[in-house]
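Text of data.txt (compact mmCIF, C-alpha atoms) as supplied:
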```txt
# COMPACT_ATOMS: atom_id res chain seq x y z
CA GLY A 1 31.08 -15.95 -19.81
CA CYS A 2 31.03 -16.86 -23.50
CA GLY A 3 32.89 -19.84 -24.85
CA GLY A 4 31.31 -22.80 -23.12
CA ASN A 5 34.00 -23.34 -20.52
CA TYR A 6 32.73 -23.87 -16.98
CA ASP A 7 35.06 -22.16 -14.53
CA PRO A 8 33.89 -22.72 -10.91
CA ASN A 9 36.11 -19.90 -9.63
CA LEU A 10 34.63 -17.46 -12.13
CA VAL A 11 31.12 -18.55 -11.17
CA LYS A 12 31.87 -17.99 -7.47
CA PHE A 13 33.36 -14.59 -8.26
CA ASN A 14 30.29 -13.57 -10.26
CA ARG A 15 27.94 -14.61 -7.46
CA LYS A 16 30.05 -12.79 -4.88
CA LEU A 17 30.05 -9.71 -7.09
CA THR A 18 26.26 -9.67 -7.29
CA GLU A 19 26.01 -9.96 -3.50
CA MET A 20 28.41 -7.06 -2.94
CA ALA A 21 27.04 -4.73 -5.60
CA ASP A 22 24.91 -1.73 -4.65
CA ARG A 23 22.72 -2.30 -7.69
CA PRO A 24 21.18 -5.40 -9.33
CA ILE A 25 23.57 -7.40 -11.51
CA LEU A 26 22.50 -10.32 -13.69
CA VAL A 27 24.96 -13.07 -14.60
CA GLU A 28 24.50 -14.88 -17.92
CA ASN A 29 25.98 -18.19 -18.98
CA CYS A 30 26.77 -17.37 -22.62
CA HIS A 31 28.19 -20.64 -23.93
CA SER A 32 29.24 -21.71 -27.37
CA ASP A 33 26.56 -23.72 -29.18
CA SER A 34 28.68 -26.86 -28.77
CA VAL A 35 28.10 -26.91 -24.99
CA GLN A 36 24.66 -27.27 -23.42
CA TYR A 37 24.20 -26.07 -19.85
CA LYS A 38 22.12 -28.25 -17.53
CA PRO A 39 20.71 -26.63 -14.37
CA ASP A 40 20.00 -28.83 -11.34
CA ARG A 41 16.97 -27.78 -9.26
CA THR A 42 17.82 -30.31 -6.54
CA LYS A 43 20.87 -28.26 -5.50
CA PRO A 44 21.16 -24.80 -3.92
CA PRO A 45 21.18 -21.98 -6.53
CA SER A 46 24.90 -21.36 -6.01
CA GLU A 47 25.56 -24.92 -7.17
CA GLY A 48 22.57 -25.99 -9.25
CA CYS A 49 22.30 -22.78 -11.27
CA PRO A 50 24.87 -20.12 -10.39
CA TYR A 51 23.67 -17.97 -13.31
CA HIS A 52 20.54 -15.86 -13.54
CA PHE A 53 19.94 -16.97 -17.12
CA TYR A 54 21.70 -19.28 -19.56
CA ARG A 55 21.92 -19.45 -23.32
CA THR A 56 20.19 -22.36 -25.02
CA SER A 57 21.09 -21.59 -28.62
CA ARG A 58 23.55 -20.24 -31.13
CA ASP A 59 23.88 -16.50 -31.67
CA ILE A 60 20.65 -15.01 -32.99
CA ARG A 61 20.34 -12.92 -36.15
CA PRO A 62 17.62 -10.50 -37.32
CA HIS A 63 16.04 -13.12 -39.56
CA TYR A 64 12.87 -15.13 -38.89
CA ALA A 65 14.62 -18.45 -39.52
CA SER A 66 17.13 -17.63 -36.81
CA VAL A 67 14.38 -16.49 -34.44
CA MET A 68 12.41 -19.72 -34.83
CA SER A 69 15.52 -21.88 -34.55
CA ASN A 70 16.51 -20.21 -31.28
CA LEU A 71 12.96 -20.34 -29.95
CA ALA A 72 12.90 -24.11 -30.50
CA SER A 73 16.02 -24.51 -28.35
CA VAL A 74 14.07 -23.60 -25.20
CA HIS A 75 11.62 -26.49 -25.49
CA GLN A 76 13.82 -29.21 -23.98
CA TYR A 77 14.32 -27.11 -20.83
CA TYR A 78 10.62 -26.27 -20.62
CA GLU A 79 9.71 -29.96 -20.78
CA LYS A 80 12.06 -30.73 -17.86
CA ASN A 81 10.99 -27.66 -15.85
CA GLU A 82 14.57 -26.41 -15.96
CA THR A 83 13.72 -22.76 -16.65
CA TYR A 84 12.53 -20.89 -13.56
CA PRO A 85 13.07 -17.68 -11.52
CA GLY A 86 16.77 -17.06 -11.02
CA CYS A 87 17.66 -19.58 -13.73
CA TRP A 88 15.94 -18.71 -17.01
CA ALA A 89 16.49 -20.48 -20.32
CA TYR A 90 17.54 -17.77 -22.77
CA PRO A 91 17.39 -18.09 -26.59
CA ASP A 92 19.50 -14.92 -26.98
CA MET A 93 18.64 -11.23 -27.17
CA LEU A 94 15.66 -9.74 -28.99
CA GLN A 95 16.10 -8.73 -32.62
CA VAL A 96 13.21 -6.28 -32.45
CA GLY A 97 14.24 -3.16 -34.35
CA VAL A 98 17.66 -4.49 -35.32
CA PHE A 99 18.55 -3.25 -38.78
CA HIS A 100 21.84 -3.79 -40.61
CA HIS A 101 22.46 -2.51 -44.11
CA ASP A 102 24.14 -5.74 -45.20
CA GLN A 103 21.62 -8.14 -43.60
CA PRO A 104 17.91 -8.91 -43.81
CA HIS A 105 15.69 -7.88 -40.91
CA LEU A 106 12.33 -8.76 -39.42
CA ASP A 107 9.20 -7.15 -40.78
CA MET A 108 6.58 -5.92 -38.30
CA ARG A 109 4.56 -9.16 -38.38
CA GLU A 110 7.67 -11.14 -37.57
CA THR A 111 8.69 -8.56 -34.97
CA ARG A 112 5.43 -8.93 -33.06
CA SER A 113 5.63 -12.74 -33.24
CA HIS A 114 9.24 -12.64 -32.03
CA PHE A 115 8.47 -10.46 -29.02
CA GLY A 116 5.34 -12.45 -28.16
CA ALA A 117 7.22 -15.76 -28.34
CA TRP A 118 10.05 -14.56 -26.08
CA ALA A 119 7.44 -13.21 -23.65
CA ILE A 120 5.40 -16.39 -23.38
CA VAL A 121 8.40 -18.68 -22.80
CA SER A 122 9.67 -16.40 -20.00
CA SER A 123 12.87 -15.47 -21.79
CA PRO A 124 14.67 -12.40 -20.46
CA LEU A 125 13.59 -9.54 -22.75
CA VAL A 126 16.97 -8.04 -23.61
CA LEU A 127 16.71 -5.30 -26.23
CA SER A 128 19.54 -4.99 -28.77
CA HIS A 129 18.39 -2.26 -31.15
CA ASP A 130 20.07 1.13 -31.41
CA VAL A 131 18.40 3.01 -28.55
CA ASN A 132 19.90 6.28 -29.86
CA ASP A 133 17.86 5.99 -33.06
CA ASP A 134 14.54 7.65 -32.27
CA ASP A 135 13.00 6.55 -35.58
CA VAL A 136 13.62 2.89 -34.78
CA THR A 137 12.39 3.28 -31.21
CA ASP A 138 9.20 4.96 -32.43
CA LEU A 139 8.66 2.16 -34.95
CA ILE A 140 8.84 -0.64 -32.35
CA TRP A 141 7.56 1.22 -29.30
CA ASP A 142 4.08 -0.35 -29.40
CA VAL A 143 5.74 -3.77 -29.34
CA ILE A 144 8.36 -3.33 -26.64
CA SER A 145 6.04 -1.31 -24.37
CA ASN A 146 3.16 -3.81 -24.55
CA ARG A 147 2.33 -4.08 -20.85
CA GLU A 148 0.14 -7.15 -21.24
CA ALA A 149 2.89 -9.09 -23.04
CA ILE A 150 5.46 -7.99 -20.46
CA ALA A 151 3.14 -9.03 -17.62
CA ILE A 152 2.82 -12.48 -19.20
CA ASN A 153 6.60 -12.69 -19.41
CA GLN A 154 7.00 -11.73 -15.74
CA ALA A 155 4.31 -14.05 -14.38
CA TYR A 156 5.39 -17.35 -12.83
CA ILE A 157 3.34 -19.91 -10.90
CA GLY A 158 5.48 -22.95 -11.67
CA ASP A 159 5.03 -22.82 -15.45
CA SER A 160 7.59 -20.99 -17.57
CA GLY A 161 5.46 -21.33 -20.71
CA GLY A 162 6.16 -23.28 -23.84
CA LEU A 163 5.03 -25.30 -26.81
CA TYR A 164 2.02 -27.52 -26.14
CA ASN A 165 1.03 -28.49 -29.69
CA TRP A 166 2.32 -28.24 -33.25
CA SER A 167 1.38 -29.31 -36.76
CA LYS A 168 2.71 -32.46 -38.39
CA LYS A 169 3.49 -30.40 -41.47
CA ASN A 170 6.90 -28.72 -41.43
CA VAL A 171 8.20 -25.72 -43.32
CA ASP A 172 11.75 -24.79 -44.33
CA LEU A 173 12.75 -21.26 -43.39
CA VAL A 174 15.66 -20.05 -45.50
CA GLN A 175 18.24 -17.66 -44.15
CA GLU A 176 20.77 -16.11 -46.50
CA LEU A 177 24.10 -15.57 -44.76
CA LYS A 178 27.46 -14.28 -45.93
CA ALA A 179 28.84 -17.77 -45.44
CA GLY A 180 26.00 -19.37 -47.40
CA THR A 181 22.40 -20.48 -46.99
CA ASP A 182 21.05 -21.78 -43.69
CA ILE A 183 17.80 -23.78 -43.72
CA VAL A 184 15.78 -24.14 -40.52
CA THR A 185 12.96 -26.72 -40.46
CA VAL A 186 10.13 -26.00 -38.02
CA PRO A 187 6.47 -27.01 -37.63
CA ALA A 188 4.30 -24.88 -39.89
CA ARG A 189 1.89 -24.09 -37.04
CA GLN A 190 2.90 -23.83 -33.39
CA TYR A 191 0.83 -23.40 -30.22
CA PHE A 192 2.23 -21.98 -26.98
CA SER A 193 0.68 -21.50 -23.55
CA LYS A 194 1.62 -20.25 -20.09
CA LEU A 195 -0.28 -20.42 -16.80
CA LEU A 196 -0.69 -16.98 -15.23
CA GLY A 197 -2.61 -17.72 -12.05
CA GLY A 198 -6.09 -16.63 -11.06
CA GLY A 199 -7.58 -19.01 -13.61
CA LYS A 200 -5.83 -17.24 -16.49
CA VAL A 201 -3.76 -18.79 -19.27
CA ALA A 202 -1.85 -16.97 -22.01
CA VAL A 203 -1.91 -18.53 -25.47
CA LEU A 204 0.14 -17.73 -28.57
CA LEU A 205 -0.56 -19.23 -32.00
CA MET A 206 2.17 -18.92 -34.63
CA ASN A 207 1.87 -19.53 -38.36
CA CYS A 208 5.29 -19.98 -39.96
CA ILE A 209 4.27 -20.10 -43.62
CA GLU A 210 3.71 -17.15 -45.95
CA ASP A 211 0.03 -17.89 -46.64
CA SER A 212 -2.71 -16.98 -44.17
CA VAL A 213 -4.21 -19.99 -42.38
CA PHE A 214 -7.05 -20.55 -39.94
CA MET A 215 -5.78 -21.48 -36.47
CA GLN A 216 -7.77 -22.15 -33.34
CA ALA A 217 -6.91 -22.93 -29.74
CA ILE A 218 -8.92 -25.93 -28.52
CA PHE A 219 -9.49 -25.41 -24.80
CA SER A 220 -9.20 -29.09 -23.95
CA ASP A 221 -5.68 -29.14 -25.43
CA ILE A 222 -4.34 -26.23 -23.38
CA PRO A 223 -2.40 -27.40 -20.29
CA GLY A 224 -3.85 -26.23 -16.98
CA LEU A 225 -7.03 -24.79 -18.44
CA LYS A 226 -10.01 -26.04 -16.43
CA CYS A 227 -12.70 -24.64 -18.71
CA LYS A 228 -13.22 -27.16 -21.53
CA HIS A 229 -15.85 -25.33 -23.57
```

Please express the file's structure as structure tokens.
Amino acid sequence: GCGGNYDPNLVKFNRKLTEMADRPILVENCHSDSVQYKPDRTKPPSEGCPYHFYRTSRDIRPHYASVMSNLASVHQYYEKNETYPGCWAYPDMLQVGVFHHDQPHLDMRETRSHFGAWAIVSSPLVLSHDVNDDDVTDLIWDVISNREAIAINQAYIGDSGGLYNWSKKNVDLVQELKAGTDIVTVPARQYFSKLLGGGKVAVLLMNCIEDSVFMQAIFSDIPGLKCKH
């Protein structure tokens, strides 16, 4: 549950509930951002990771600065191979198609980047837009129904996908909030990859500055890619 408190009895109850249910139930560890969950792959799932996915970040907002901040929170778990089937690192729900009158929202370029980033790092793809609004659904349908991106998200051969390279130059992404201004500093250019099996690798290149830039994926830099030319 949310709040960051680890209650072993609640965890056992949740696991028992999923075993007894007549339909699939997923259990999320939704902590406060002051508590970081640490799965342990050396223990049985009921002990090492009694949740199906766990939050790695603060609550997300429909702003690109928030998206990139939450995306960065997955990296430490990717590096330690602590995000895997039945225990996924989760940077919070998708903001694809989330529009609030009193808040900024993602444009379509940012929307596609957001969905692609969540897909390649194997985050659960939890939609949070108003599914009763047909206009919004029509607007984002090509994004959320992208079968190739979803297949990349669902693939797993021991690699959950993550950041393999980034620029030395950083950029400040500014997020205007009711409580004030939040500044998120991220690498200006980021490179992600994920092994898919069968000799295939997915690659995502992200440019975080306003200006268009030339980016290229150098094969010899991509983890697990045997072809070097």

task = Write out as a ChimeraX atom specification each polymer residue whose atoms come within 8 Å of Glu28 of chain A, counting all atoms listed in the file; drop sequence neighbours fewer than 3 positions from it.
result = /A:1,51-55

Test item: residues at most 10 Å from Tyr84 of chain A, all atoms listed in the file, excluding those fewer than 6 positions along its chain, as an MDAnalysis selection string = chainID A and resid 41 52:53 77:78 122:123 156:160

remark   = Nearest to Gln95 of chain A, restricted to only C-alpha atoms and choosing among A:Ala217, A:Met108, A:Ile120, A:Met20, comes out as A:Met108

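Counting only C-alpha atoms, the residue from A:Val186, A:Leu204, A:Ile218, A:Val98 that sits nearest to Val121 of chain A is A:Leu204.
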
inquiry  = So the first atom is atom CA of Asn153 of chain A and the second is atom CA of Pro104 of chain A; what is the distance between them in Å, to one decimal place?
reply    = 27.2 Å

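Distance check against Leu205 of chain A using all atoms listed in the file: of A:Thr181, A:Thr111, A:Ser69, A:Ser167, the minimum falls on A:Ser167.
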
task = Please tell me which residues are no farther than 10 Å from (11.3, -22.4, -45.2) in the file, counting all atoms listed in the file, and write them as a PyMOL selection string.
result = chain A and resi 64-65+170-175+182-186+188+208-210

May I have the residues from that selection written out with C-alpha atoms, as a PDB file, in the frame of the given file?
```pdb
ATOM      1  CA  TYR A  64      12.870 -15.130 -38.890  1.00  0.00           C
ATOM      2  CA  ALA A  65      14.620 -18.450 -39.520  1.00  0.00           C
ATOM      3  CA  ASN A 170       6.900 -28.720 -41.430  1.00  0.00           C
ATOM      4  CA  VAL A 171       8.200 -25.720 -43.320  1.00  0.00           C
ATOM      5  CA  ASP A 172      11.750 -24.790 -44.330  1.00  0.00           C
ATOM      6  CA  LEU A 173      12.750 -21.260 -43.390  1.00  0.00           C
ATOM      7  CA  VAL A 174      15.660 -20.050 -45.500  1.00  0.00           C
ATOM      8  CA  GLN A 175      18.240 -17.660 -44.150  1.00  0.00           C
ATOM      9  CA  ASP A 182      21.050 -21.780 -43.690  1.00  0.00           C
ATOM     10  CA  ILE A 183      17.800 -23.780 -43.720  1.00  0.00           C
ATOM     11  CA  VAL A 184      15.780 -24.140 -40.520  1.00  0.00           C
ATOM     12  CA  THR A 185      12.960 -26.720 -40.460  1.00  0.00           C
ATOM     13  CA  VAL A 186      10.130 -26.000 -38.020  1.00  0.00           C
ATOM     14  CA  ALA A 188       4.300 -24.880 -39.890  1.00  0.00           C
ATOM     15  CA  CYS A 208       5.290 -19.980 -39.960  1.00  0.00           C
ATOM     16  CA  ILE A 209       4.270 -20.100 -43.620  1.00  0.00           C
ATOM     17  CA  GLU A 210       3.710 -17.150 -45.950  1.00  0.00           C
TER      18      GLU A 210
END
```

query = Do you have the atom CA of Thr42 of chain A-atom CA of Leu125 of chain A distance handy?
reply =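 Spanning atom CA of Thr42 of chain A to atom CA of Leu125 of chain A is a straight-line distance of 26.7 Å.
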
inquiry  = Using all atoms listed in the file, can you tell me which of A:Val67, A:Ala202, A:Val213, A:Ala117 comes closest to Glu148 of chain A?
reply    = A:Ala202

key: Point-to-point distance from atom CA of Ile150 of chain A to atom CA of Ala119 of chain A, Å rounded to tenths   =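 Atom CA of Ile150 of chain A sits 6.4 Å away from atom CA of Ala119 of chain A.
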
request  = Considering all atoms listed in the file, state which residue in the set A:Ser212, A:Gly97, A:Ser66, A:Thr56 is at the smallest distance from Asp133 of chain A.
outcome  =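 Comparing A:Ser212, A:Gly97, A:Ser66, A:Thr56 against Asp133 of chain A, the winner is A:Gly97.
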
Edge lengths and centre in Å to one decimal, as JSON, of the axis-aligned box that encloses all listed atoms of segment 55-64 of chain A with 5 Å added on every side?
```
{"center_x": 18.4, "center_y": -16.4, "center_z": -31.4, "size_x": 21.0, "size_y": 21.9, "size_z": 26.2}
```

query = Given the choices A:Val143, A:Phe214, A:Met93, A:Val201, which gets closest to Ser128 of chain A if the distance is worked out from only C-alpha atoms?
reply = A:Met93

key: Cut-off 12 Å around (-5.3, -28.7, -16.4) with only C-alpha atoms: residues as a PyMOL selection string   = chain A and resi 159+193-195+199-201+219-228

Since we have the selection now, will you write its residues out, keeping C-alpha atoms, as a PDB file, in the frame of the given file?
```
ATOM      1  CA  ASP A 159       5.030 -22.820 -15.450  1.00  0.00           C
ATOM      2  CA  SER A 193       0.680 -21.500 -23.550  1.00  0.00           C
ATOM      3  CA  LYS A 194       1.620 -20.250 -20.090  1.00  0.00           C
ATOM      4  CA  LEU A 195      -0.280 -20.420 -16.800  1.00  0.00           C
ATOM      5  CA  GLY A 199      -7.580 -19.010 -13.610  1.00  0.00           C
ATOM      6  CA  LYS A 200      -5.830 -17.240 -16.490  1.00  0.00           C
ATOM      7  CA  VAL A 201      -3.760 -18.790 -19.270  1.00  0.00           C
ATOM      8  CA  PHE A 219      -9.490 -25.410 -24.800  1.00  0.00           C
ATOM      9  CA  SER A 220      -9.200 -29.090 -23.950  1.00  0.00           C
ATOM     10  CA  ASP A 221      -5.680 -29.140 -25.430  1.00  0.00           C
ATOM     11  CA  ILE A 222      -4.340 -26.230 -23.380  1.00  0.00           C
ATOM     12  CA  PRO A 223      -2.400 -27.400 -20.290  1.00  0.00           C
ATOM     13  CA  GLY A 224      -3.850 -26.230 -16.980  1.00  0.00           C
ATOM     14  CA  LEU A 225      -7.030 -24.790 -18.440  1.00  0.00           C
ATOM     15  CA  LYS A 226     -10.010 -26.040 -16.430  1.00  0.00           C
ATOM     16  CA  CYS A 227     -12.700 -24.640 -18.710  1.00  0.00           C
ATOM     17  CA  LYS A 228     -13.220 -27.160 -21.530  1.00  0.00           C
TER      18      LYS A 228
END
```
